[in-house]
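**Q** I'm passing along target38.tsv; it holds TSV, C-alpha atoms.
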```tsv
chain	number	residue	atom	x	y	z
A	1	MET	CA	81.62	266.96	137.15
A	2	ILE	CA	84.66	267.98	139.24
A	3	ASN	CA	84.26	267.76	143.02
A	4	ASN	CA	86.06	270.67	144.67
A	5	SER	CA	84.96	269.77	148.20
A	6	PRO	CA	87.83	269.33	150.65
A	7	SER	CA	88.49	266.09	152.49
A	8	ALA	CA	90.45	265.18	155.60
A	9	LYS	CA	91.98	261.90	156.78
A	10	LEU	CA	93.46	261.35	160.25
A	11	ILE	CA	97.11	260.35	159.75
A	12	LYS	CA	98.71	260.82	163.18
A	13	ILE	CA	97.94	261.34	166.86
A	14	ILE	CA	100.67	262.80	169.08
A	15	PRO	CA	100.00	261.30	172.56
A	16	CYS	CA	100.90	264.29	174.72
A	17	GLN	CA	97.85	264.16	177.03
A	18	CYS	CA	97.75	267.91	177.62
A	19	GLN	CA	95.52	269.29	180.31
A	20	LEU	CA	94.77	272.32	178.13
A	21	GLY	CA	96.49	272.04	174.76
A	22	GLU	CA	96.39	275.30	172.80
A	23	ASN	CA	98.05	277.69	170.33
A	24	VAL	CA	99.38	275.19	167.81
A	25	LEU	CA	101.75	276.62	165.15
A	26	TRP	CA	103.71	275.17	162.24
A	27	HIS	CA	107.36	276.24	161.90
A	28	THR	CA	108.23	275.95	158.22
A	29	GLU	CA	112.03	276.22	158.51
A	30	GLN	CA	112.26	273.67	161.32
A	31	GLN	CA	109.51	271.43	159.91
A	32	ALA	CA	108.18	271.31	163.44
A	33	ILE	CA	104.85	271.63	165.24
A	34	TYR	CA	104.74	273.79	168.37
A	35	TRP	CA	101.93	274.00	170.90
A	36	VAL	CA	101.38	274.74	174.59
A	37	ASP	CA	99.74	273.08	177.57
A	38	ILE	CA	98.48	276.16	179.39
A	39	GLU	CA	97.69	274.59	182.73
A	40	ASN	CA	100.97	272.67	183.03
A	41	SER	CA	103.12	275.63	181.87
A	42	ASP	CA	104.65	273.53	179.09
A	43	LEU	CA	105.61	274.21	175.48
A	44	TYR	CA	105.96	271.29	173.08
A	45	ARG	CA	107.97	270.96	169.88
A	46	PHE	CA	107.52	267.99	167.55
A	47	TYR	CA	109.99	267.56	164.70
A	48	THR	CA	108.06	265.81	161.97
A	49	LEU	CA	111.05	264.46	160.03
A	50	ASP	CA	112.55	262.40	162.84
A	51	GLN	CA	109.42	262.22	165.03
A	52	VAL	CA	111.19	263.72	168.06
A	53	LEU	CA	108.97	265.30	170.71
A	54	GLU	CA	110.46	267.87	173.09
A	55	LYS	CA	108.85	269.51	176.11
A	56	PHE	CA	109.96	272.79	177.68
A	57	SER	CA	108.90	273.67	181.22
A	58	LEU	CA	108.11	277.39	181.36
A	59	PRO	CA	108.27	279.80	184.32
A	60	GLN	CA	104.49	280.30	184.36
A	61	ARG	CA	101.41	279.39	182.37
A	62	ILE	CA	101.48	280.47	178.73
A	63	GLY	CA	98.38	281.36	176.74
A	64	SER	CA	99.94	281.91	173.31
A	65	PHE	CA	103.15	282.76	171.47
A	66	ALA	CA	104.66	283.64	168.10
A	67	PHE	CA	107.92	282.77	166.38
A	68	THR	CA	110.71	285.34	166.03
A	69	ASN	CA	113.76	285.67	163.80
A	70	ASN	CA	115.77	283.99	166.57
A	71	ALA	CA	115.20	280.23	166.16
A	72	ASN	CA	115.48	279.67	169.91
A	73	GLN	CA	113.35	282.61	171.03
A	74	ILE	CA	109.61	283.11	171.11
A	75	ILE	CA	107.48	286.06	172.10
A	76	ALA	CA	104.83	284.82	174.47
A	77	ALA	CA	101.70	285.87	176.32
A	78	PHE	CA	102.38	284.38	179.75
A	79	GLU	CA	99.60	284.54	182.31
A	80	GLN	CA	100.96	287.83	183.71
A	81	GLY	CA	102.04	289.58	180.53
A	82	ILE	CA	104.01	289.56	177.29
A	83	ALA	CA	107.68	288.55	177.28
A	84	ARG	CA	110.52	287.24	175.18
A	85	TYR	CA	111.55	283.74	176.18
A	86	ASN	CA	114.63	281.80	175.06
A	87	LEU	CA	114.06	278.06	174.84
A	88	SER	CA	117.80	277.30	175.05
A	89	THR	CA	118.78	279.52	177.99
A	90	SER	CA	115.37	279.81	179.75
A	91	LYS	CA	115.91	283.56	179.89
A	92	LEU	CA	112.68	285.51	180.43
A	93	GLU	CA	112.52	289.18	179.42
A	94	TRP	CA	109.29	290.99	180.25
A	95	ILE	CA	108.10	293.51	177.65
A	96	ASN	CA	104.71	294.62	178.93
A	97	GLN	CA	102.29	293.54	181.65
A	98	PRO	CA	99.11	295.57	181.08
A	99	GLU	CA	96.98	293.55	183.52
A	100	HIS	CA	99.60	292.54	186.06
A	101	HIS	CA	97.56	294.34	188.73
A	102	VAL	CA	94.30	292.53	187.87
A	103	ALA	CA	93.61	289.49	190.04
A	104	GLY	CA	91.54	286.77	188.38
A	105	ASN	CA	92.61	287.49	184.78
A	106	ARG	CA	95.25	285.81	182.62
A	107	PHE	CA	96.49	286.09	179.05
A	108	ASN	CA	95.02	283.66	176.55
A	109	ASP	CA	94.91	283.41	172.74
A	110	GLY	CA	97.32	285.47	170.62
A	111	LYS	CA	99.15	285.73	167.30
A	112	ALA	CA	101.56	287.81	165.23
A	113	ASP	CA	99.93	289.92	162.53
A	114	ARG	CA	101.32	290.10	158.99
A	115	GLN	CA	103.26	293.25	159.88
A	116	GLY	CA	105.17	291.47	162.67
A	117	ARG	CA	103.37	292.94	165.68
A	118	PHE	CA	102.17	290.67	168.50
A	119	TRP	CA	98.55	290.51	169.60
A	120	ALA	CA	97.18	288.73	172.66
A	121	GLY	CA	93.99	288.85	174.67
A	122	THR	CA	93.13	288.24	178.29
A	123	MET	CA	90.33	286.27	179.89
A	124	VAL	CA	88.46	286.36	183.17
A	125	GLU	CA	89.61	283.15	184.80
A	126	ASN	CA	88.11	283.75	188.22
A	127	SER	CA	85.15	286.13	188.22
A	128	THR	CA	85.07	286.25	192.02
A	129	LEU	CA	88.59	287.72	192.00
A	130	SER	CA	88.65	289.79	188.83
A	131	THR	CA	88.03	293.50	189.14
A	132	GLN	CA	87.57	294.01	185.42
A	133	SER	CA	86.81	292.24	182.15
A	134	GLY	CA	89.41	291.02	179.69
A	135	ALA	CA	90.69	292.77	176.57
A	136	LEU	CA	92.59	292.28	173.32
A	137	TYR	CA	95.98	294.03	173.17
A	138	CYS	CA	98.42	294.88	170.38
A	139	LEU	CA	102.13	295.16	171.14
A	140	ASP	CA	103.75	297.36	168.48
A	141	HIS	CA	107.35	297.74	167.33
A	142	GLN	CA	107.91	300.55	169.83
A	143	LEU	CA	106.96	298.04	172.58
A	144	ASP	CA	103.83	300.02	173.39
A	145	CYS	CA	100.82	297.91	174.34
A	146	HIS	CA	97.46	299.17	173.05
A	147	LYS	CA	94.04	297.96	174.21
A	148	LYS	CA	92.07	297.24	171.02
A	149	ILE	CA	88.88	295.46	172.14
A	150	LYS	CA	87.41	295.82	175.64
A	151	ASN	CA	84.82	294.13	177.85
A	152	LEU	CA	85.72	290.53	176.98
A	153	GLN	CA	85.30	287.37	179.04
A	154	ILE	CA	87.48	284.97	177.00
A	155	SER	CA	89.46	286.63	174.19
A	156	ASN	CA	89.93	283.99	171.50
A	157	GLY	CA	89.99	282.98	167.84
A	158	LEU	CA	92.29	285.76	166.65
A	159	CYS	CA	93.38	285.67	162.99
A	160	TRP	CA	93.53	287.77	159.84
A	161	ASN	CA	92.41	287.10	156.31
A	162	LYS	CA	94.94	286.42	153.57
A	163	ALA	CA	95.24	290.10	152.61
A	164	GLY	CA	95.64	291.08	156.24
A	165	ASP	CA	92.93	293.73	156.14
A	166	THR	CA	90.18	291.82	157.98
A	167	LEU	CA	90.53	290.73	161.60
A	168	TYR	CA	88.55	287.83	163.09
A	169	HIS	CA	87.98	287.53	166.83
A	170	THR	CA	85.63	285.89	169.30
A	171	ASP	CA	84.68	286.25	172.92
A	172	SER	CA	84.07	282.51	173.35
A	173	LEU	CA	81.25	282.81	175.87
A	174	THR	CA	79.15	284.85	173.41
A	175	HIS	CA	79.14	281.95	170.88
A	176	LYS	CA	79.82	284.53	168.15
A	177	ILE	CA	82.75	285.13	165.79
A	178	PHE	CA	83.09	288.74	164.65
A	179	GLN	CA	85.07	290.31	161.85
A	180	TYR	CA	86.46	293.83	161.68
A	181	ASP	CA	88.06	296.04	159.07
A	182	PHE	CA	91.74	296.25	159.97
A	183	CYS	CA	94.15	299.03	159.02
A	184	LYS	CA	97.53	297.41	158.51
A	185	ASP	CA	99.39	300.69	159.08
A	186	THR	CA	97.65	302.05	162.18
A	187	THR	CA	96.11	298.81	163.63
A	188	GLU	CA	92.78	300.64	163.81
A	189	ILE	CA	89.83	298.23	164.06
A	190	THR	CA	86.47	299.37	162.66
A	191	ASN	CA	83.15	298.13	161.29
A	192	LYS	CA	82.48	295.27	163.70
A	193	ARG	CA	79.99	292.78	162.26
A	194	LEU	CA	78.84	289.25	163.01
A	195	PHE	CA	80.62	286.61	160.93
A	196	ALA	CA	79.27	283.37	162.40
A	197	SER	CA	77.62	282.01	165.51
A	198	THR	CA	77.38	278.64	167.28
A	199	ASN	CA	74.79	276.96	169.47
A	200	THR	CA	74.90	277.47	173.23
A	201	SER	CA	76.79	274.23	173.93
A	202	THR	CA	79.55	275.06	171.43
A	203	PHE	CA	82.29	277.60	172.17
A	204	PRO	CA	84.35	278.99	169.27
A	205	ASP	CA	88.04	278.64	170.18
A	206	GLY	CA	91.27	278.93	168.18
A	207	SER	CA	91.13	279.84	164.47
A	208	THR	CA	93.33	279.96	161.38
A	209	ILE	CA	92.95	281.11	157.77
A	210	ASP	CA	93.79	278.89	154.81
A	211	ALA	CA	95.21	279.90	151.44
A	212	GLN	CA	91.69	279.91	149.99
A	213	ASP	CA	90.79	282.62	152.57
A	214	HIS	CA	88.43	280.38	154.53
A	215	LEU	CA	88.41	280.37	158.33
A	216	TRP	CA	88.95	277.16	160.31
A	217	ASN	CA	87.71	277.16	163.91
A	218	ALA	CA	88.10	274.64	166.74
A	219	GLN	CA	84.75	274.33	168.47
A	220	TRP	CA	85.09	273.48	172.16
A	221	GLY	CA	82.29	271.27	173.44
A	222	SER	CA	81.15	270.03	170.03
A	223	SER	CA	83.96	267.60	169.03
A	224	LYS	CA	84.23	269.52	165.77
A	225	VAL	CA	86.54	271.67	163.70
A	226	VAL	CA	84.63	273.61	161.07
A	227	ARG	CA	85.58	275.63	158.02
A	228	TYR	CA	83.64	278.78	157.23
A	229	ASN	CA	83.57	280.32	153.78
A	230	LYS	CA	83.88	284.07	153.27
A	231	ASN	CA	80.15	284.49	153.89
A	232	GLY	CA	80.35	282.85	157.31
A	233	ASP	CA	78.66	279.61	156.19
A	234	ILE	CA	80.06	276.22	157.20
A	235	ASP	CA	81.24	274.42	154.08
A	236	PHE	CA	83.24	271.62	155.72
A	237	GLU	CA	83.59	270.04	159.15
A	238	ILE	CA	85.56	267.31	160.91
A	239	THR	CA	84.30	265.32	163.89
A	240	LEU	CA	87.07	264.41	166.33
A	241	PRO	CA	87.27	261.62	168.94
A	242	VAL	CA	87.51	264.28	171.67
A	243	SER	CA	84.96	266.76	173.00
A	244	GLN	CA	87.23	269.78	173.49
A	245	PRO	CA	89.21	270.64	170.34
A	246	SER	CA	90.94	273.92	171.19
A	247	CYS	CA	93.10	275.30	168.38
A	248	VAL	CA	93.97	274.68	164.73
A	249	SER	CA	96.86	275.31	162.39
A	250	ILE	CA	97.63	274.25	158.83
A	251	GLY	CA	101.18	273.03	158.28
A	252	GLY	CA	103.23	270.08	157.13
A	253	PRO	CA	105.83	269.83	154.33
A	254	ASP	CA	103.25	270.82	151.72
A	255	LEU	CA	101.12	273.03	154.01
A	256	ASN	CA	98.22	270.59	153.77
A	257	TRP	CA	98.07	269.09	157.25
A	258	LEU	CA	95.35	270.27	159.61
A	259	ILE	CA	96.87	270.18	163.11
A	260	ILE	CA	94.50	270.30	166.08
A	261	THR	CA	95.12	270.56	169.82
A	262	SER	CA	92.65	269.36	172.44
A	263	ALA	CA	92.08	269.43	176.19
A	264	LYS	CA	90.97	267.14	178.99
A	265	GLN	CA	90.46	269.99	181.46
A	266	ASP	CA	87.23	269.74	183.51
A	267	LEU	CA	86.29	266.35	182.08
A	268	THR	CA	85.01	263.82	184.62
A	269	ALA	CA	86.51	260.34	184.97
A	270	SER	CA	83.49	258.97	183.12
A	271	GLU	CA	83.89	261.45	180.29
A	272	LEU	CA	87.62	260.70	180.01
A	273	ALA	CA	86.87	256.99	179.86
A	274	LYS	CA	84.64	257.67	176.84
A	275	LYS	CA	87.13	260.09	175.25
A	276	PRO	CA	90.56	258.67	176.24
A	277	LEU	CA	92.37	260.59	173.49
A	278	SER	CA	91.47	263.95	175.05
A	279	GLY	CA	94.49	266.23	175.39
A	280	ASN	CA	96.34	264.82	172.39
A	281	VAL	CA	97.29	266.51	169.10
A	282	PHE	CA	95.64	265.30	165.90
A	283	ILE	CA	97.02	265.62	162.37
A	284	TYR	CA	94.72	265.31	159.37
A	285	GLN	CA	95.84	265.07	155.76
A	286	LEU	CA	93.81	267.60	153.78
A	287	GLN	CA	92.88	267.34	150.13
A	288	GLY	CA	91.83	270.47	148.26
A	289	VAL	CA	93.12	272.81	150.97
A	290	THR	CA	96.48	274.44	151.69
A	291	GLY	CA	97.58	276.82	154.42
A	292	LEU	CA	99.62	280.00	154.77
A	293	VAL	CA	103.06	280.39	156.30
A	294	GLU	CA	102.78	281.66	159.87
A	295	PRO	CA	103.87	285.32	160.30
A	296	ILE	CA	107.05	286.01	162.28
A	297	CYS	CA	106.97	288.51	165.13
A	298	THR	CA	109.62	291.16	164.41
A	299	ILE	CA	109.42	293.07	167.70
```
Since I need it in another form, could you write the structure as structure tokens?
**A**
Amino acid sequence: MINNSPSAKLIKIIPCQCQLGENVLWHTEQQAIYWVDIENSDLYRFYTLDQVLEKFSLPQRIGSFAFTNNANQIIAAFEQGIARYNLSTSKLEWINQPEHHVAGNRFNDGKADRQGRFWAGTMVENSTLSTQSGALYCLDHQLDCHKKIKNLQISNGLCWNKAGDTLYHTDSLTHKIFQYDFCKDTTEITNKRLFASTNTSTFPDGSTIDAQDHLWNAQWGSSKVVRYNKNGDIDFEITLPVSQPSCVSIGGPDLNWLIITSAKQDLTASELAKKPLSGNVFIYQLQGVTGLVEPICTI
């Protein structure tokens, strides 16, 4: 009998000690891992071939980003809006700031879709200041910013299936991951339905899709990363030595590394003493699973 179940072995920990590590991406051409520390306004780049770790100090907190055709330039969802940012020159070029007037909100999770547009959502960071809820936005090739999902508290977990015609998204505080039919031409989102749910102490965070069309989700508060099959059932999970895994990506030379960010934000001194690796990046060697190349933003 052939066992087709995946397996995962921890092969490296990158000791970056992020306050709020997030939005990890694999850059195939550079053979590098990128991720952000939202609270410290930092972007990290780790070259896997020579094991060099670089840190870029950014002009404000960054929730998410995507690669572009310019090796030194990213498109990013900074706390106050979406901008191009050049890592070599530190030049910041604002594109759109749809919630610049909203106190208490900031941009959070985001990604490029398979057509090269950039998507990013906002979250209510301070409910005593915020005058409205958060939303998920799509920035198109005409640089127009469209509100796609409204009435969110923490927009998160954005990704698309392999074909690019199903969108996954969560409002973390609801403990539910939803899927939608997605029109690749018009970006219209329809037919919202429940994909998976978690218990009340577990918050679904960053997600990615593997080449087998299964969804991997970092589950804040549970010390776990889980893989859901197409039916929304958990068919594999990894328990980490940290309580707040935050985002996942599949990369590496053969696209079979599971790369996971984590956070130490809001942990007490006692909790940090028990989980001293909190805030680091973890790399697991996968067997029986491969990933997809990350889409490039062509805006």
**Q** Measuring atom to atom with all atoms listed in the file, identify which of A:Ser5, A:Asn40, A:Asn151, A:Thr208 is nearest to Pro295 (chain A).
**A**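 Using all atoms listed in the file, the shortest distance to Pro295 (chain A) belongs to A:Thr208.
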**Q** State, in Å with one decimal place, the distance from CA of Leu240 (chain A) to CA of Asn217 (chain A).
**A**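 Interatomic distance, CA of Leu240 (chain A) to CA of Asn217 (chain A): 13.0 Å.
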**Q** How far is it from CA of Lys9 (chain A) to CA of Val289 (chain A), in Å with one decimal?
**A**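 A separation of 12.4 Å between them.
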**Q** Using all atoms listed in the file, which residue out of A:Thr200, A:Trp257, A:Leu139, A:Gln265 lies closest to Gly288 (chain A)?
**A** A:Trp257
**Q** Find the nearest atom pair between each residue of region 101-173 of chain A and region 182-195 of chain A for residues within 12 Å, count only C-alpha atoms, give distances in Å to one decimal, sort rows by chain and ascending number, and present the table as a tab-separated table.
**A**
```
residue	atom	partner	partner_atom	distance
A:Asp113	CA	A:Lys184	CA	8.8
A:Arg114	CA	A:Lys184	CA	8.2
A:Gln115	CA	A:Lys184	CA	7.2
A:Gly116	CA	A:Lys184	CA	10.5
A:Arg117	CA	A:Thr187	CA	9.6
A:Phe118	CA	A:Thr187	CA	11.3
A:Trp119	CA	A:Thr187	CA	10.5
A:Leu136	CA	A:Ile189	CA	11.3
A:Tyr137	CA	A:Thr187	CA	10.7
A:Cys138	CA	A:Thr187	CA	8.1
A:Leu139	CA	A:Thr187	CA	10.3
A:Asp140	CA	A:Thr187	CA	9.2
A:His141	CA	A:Thr186	CA	11.8
A:Cys145	CA	A:Thr187	CA	11.7
A:His146	CA	A:Thr187	CA	9.5
A:Lys147	CA	A:Glu188	CA	10.8
A:Lys148	CA	A:Ile189	CA	7.4
A:Ile149	CA	A:Ile189	CA	8.6
A:Cys159	CA	A:Phe182	CA	11.1
A:Trp160	CA	A:Phe182	CA	8.7
A:Asn161	CA	A:Phe182	CA	9.9
A:Ala163	CA	A:Lys184	CA	9.7
A:Gly164	CA	A:Lys184	CA	7.0
A:Asp165	CA	A:Phe182	CA	4.7
A:Thr166	CA	A:Phe182	CA	5.1
A:Leu167	CA	A:Phe182	CA	5.9
A:Tyr168	CA	A:Phe195	CA	8.3
A:His169	CA	A:Phe195	CA	9.5
A:Thr170	CA	A:Phe195	CA	9.8
A:Asp171	CA	A:Leu194	CA	11.9
```
**Q** Which residues are near Val293 (chain A)? Cut-off 9 Å, all atoms listed in the file, ignore same chain within fewer than 3 positions. Put them as a ChimeraX atom specification.
**A** /A:26-28,250-251,255
**Q** So that I can check the surroundings of region 49-57 of chain A, please list as a PyMOL selection string every protein, DNA and RNA residue that reaches within 9 Å of it, counting only C-alpha atoms and ignoring chain neighbours fewer than 3 positions away.
**A** chain A and resi 14+31-32+40-46+60+87
**Q** Might you pull out every residue within 12 Å of Asp233 (chain A), with only C-alpha atoms counted and same-chain residues fewer than 3 positions away left off, and present them as a ChimeraX atom specification?
**A** /A:177,194-198,214-216,226-230,236-237
**Q** Got a sec: who's within 7 Å of Gln97 (chain A), counting all atoms listed in the file, leaving out chain neighbours fewer than 6 positions off, as a list in words?
**A**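 Those residues are Gln80, Gly81 and Ile82 of chain A.
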**Q** When you draw a straight line from CA of Cys16 (chain A) to CA of Ser172 (chain A), how long is it in Å?
**A**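 Computing the Euclidean distance for CA of Cys16 (chain A) and CA of Ser172 (chain A) yields 24.8 Å.
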**Q** If we count only C-alpha atoms, what is near Lys91 (chain A) at a cut-off of 12 Å, once residues fewer than 3 positions away on the same chain are taken out, given as a list in words?
**A** Leu58, Pro59, Asn72, Gln73, Ile74, Ile75, Ala83, Arg84, Tyr85, Asn86, Leu87, Ser88 and Trp94 of chain A
**Q** Take region 235-258 of chain A, model N, CA and C atoms, and hand the result over as an mmCIF file, in the coordinates of the input.
**A**
```cif
data_model
loop_
_atom_site.group_PDB
_atom_site.id
_atom_site.type_symbol
_atom_site.label_atom_id
_atom_site.label_comp_id
_atom_site.auth_asym_id
_atom_site.auth_seq_id
_atom_site.Cartn_x
_atom_site.Cartn_y
_atom_site.Cartn_z
ATOM 1 N N ASP A 235 81.205 275.205 155.311
ATOM 2 C CA ASP A 235 81.240 274.420 154.080
ATOM 3 C C ASP A 235 81.999 273.100 154.248
ATOM 4 N N PHE A 236 82.553 272.883 155.467
ATOM 5 C CA PHE A 236 83.240 271.620 155.720
ATOM 6 C C PHE A 236 83.424 271.476 157.226
ATOM 7 N N GLU A 237 83.347 270.257 157.731
ATOM 8 C CA GLU A 237 83.590 270.040 159.150
ATOM 9 C C GLU A 237 84.193 268.659 159.394
ATOM 10 N N ILE A 238 84.931 268.554 160.483
ATOM 11 C CA ILE A 238 85.560 267.310 160.910
ATOM 12 C C ILE A 238 85.076 266.995 162.311
ATOM 13 N N THR A 239 84.668 265.760 162.552
ATOM 14 C CA THR A 239 84.300 265.320 163.890
ATOM 15 C C THR A 239 85.475 264.559 164.499
ATOM 16 N N LEU A 240 85.912 265.001 165.670
ATOM 17 C CA LEU A 240 87.070 264.410 166.330
ATOM 18 C C LEU A 240 86.649 263.442 167.429
ATOM 19 N N PRO A 241 87.578 262.556 167.849
ATOM 20 C CA PRO A 241 87.270 261.620 168.940
ATOM 21 C C PRO A 241 87.470 262.228 170.324
ATOM 22 N N VAL A 242 87.389 263.555 170.405
ATOM 23 C CA VAL A 242 87.510 264.280 171.670
ATOM 24 C C VAL A 242 86.429 265.353 171.706
ATOM 25 N N SER A 243 86.049 265.788 172.897
ATOM 26 C CA SER A 243 84.960 266.760 173.000
ATOM 27 C C SER A 243 85.427 268.196 173.014
ATOM 28 N N GLN A 244 86.746 268.417 173.303
ATOM 29 C CA GLN A 244 87.230 269.780 173.490
ATOM 30 C C GLN A 244 88.403 270.114 172.562
ATOM 31 N N PRO A 245 88.178 270.109 171.232
ATOM 32 C CA PRO A 245 89.210 270.640 170.340
ATOM 33 C C PRO A 245 89.407 272.116 170.657
ATOM 34 N N SER A 246 90.665 272.585 170.639
ATOM 35 C CA SER A 246 90.940 273.920 171.190
ATOM 36 C C SER A 246 91.600 274.893 170.217
ATOM 37 N N CYS A 247 92.397 274.393 169.295
ATOM 38 C CA CYS A 247 93.100 275.300 168.380
ATOM 39 C C CYS A 247 93.486 274.553 167.122
ATOM 40 N N VAL A 248 93.642 275.285 166.022
ATOM 41 C CA VAL A 248 93.970 274.680 164.730
ATOM 42 C C VAL A 248 95.083 275.455 164.043
ATOM 43 N N SER A 249 95.847 274.716 163.252
ATOM 44 C CA SER A 249 96.860 275.310 162.390
ATOM 45 C C SER A 249 96.961 274.446 161.144
ATOM 46 N N ILE A 250 97.395 275.030 160.045
ATOM 47 C CA ILE A 250 97.630 274.250 158.830
ATOM 48 C C ILE A 250 99.126 274.289 158.538
ATOM 49 N N GLY A 251 99.736 273.112 158.480
ATOM 50 C CA GLY A 251 101.180 273.030 158.280
ATOM 51 C C GLY A 251 101.555 271.794 157.499
ATOM 52 N N GLY A 252 102.722 271.230 157.843
ATOM 53 C CA GLY A 252 103.230 270.080 157.130
ATOM 54 C C GLY A 252 104.123 270.481 155.974
ATOM 55 N N PRO A 253 104.879 269.530 155.413
ATOM 56 C CA PRO A 253 105.830 269.830 154.330
ATOM 57 C C PRO A 253 105.197 270.537 153.137
ATOM 58 N N ASP A 254 103.942 270.210 152.847
ATOM 59 C CA ASP A 254 103.250 270.820 151.720
ATOM 60 C C ASP A 254 102.120 271.747 152.160
ATOM 61 N N LEU A 255 102.145 272.136 153.439
ATOM 62 C CA LEU A 255 101.120 273.030 154.010
ATOM 63 C C LEU A 255 99.714 272.494 153.762
ATOM 64 N N ASN A 256 99.554 271.176 153.938
ATOM 65 C CA ASN A 256 98.220 270.590 153.770
ATOM 66 C C ASN A 256 97.888 269.606 154.899
ATOM 67 N N TRP A 257 98.476 269.817 156.053
ATOM 68 C CA TRP A 257 98.070 269.090 157.250
ATOM 69 C C TRP A 257 97.241 270.027 158.129
ATOM 70 N N LEU A 258 96.119 269.549 158.595
ATOM 71 C CA LEU A 258 95.350 270.270 159.610
ATOM 72 C C LEU A 258 95.781 269.712 160.971
#
```
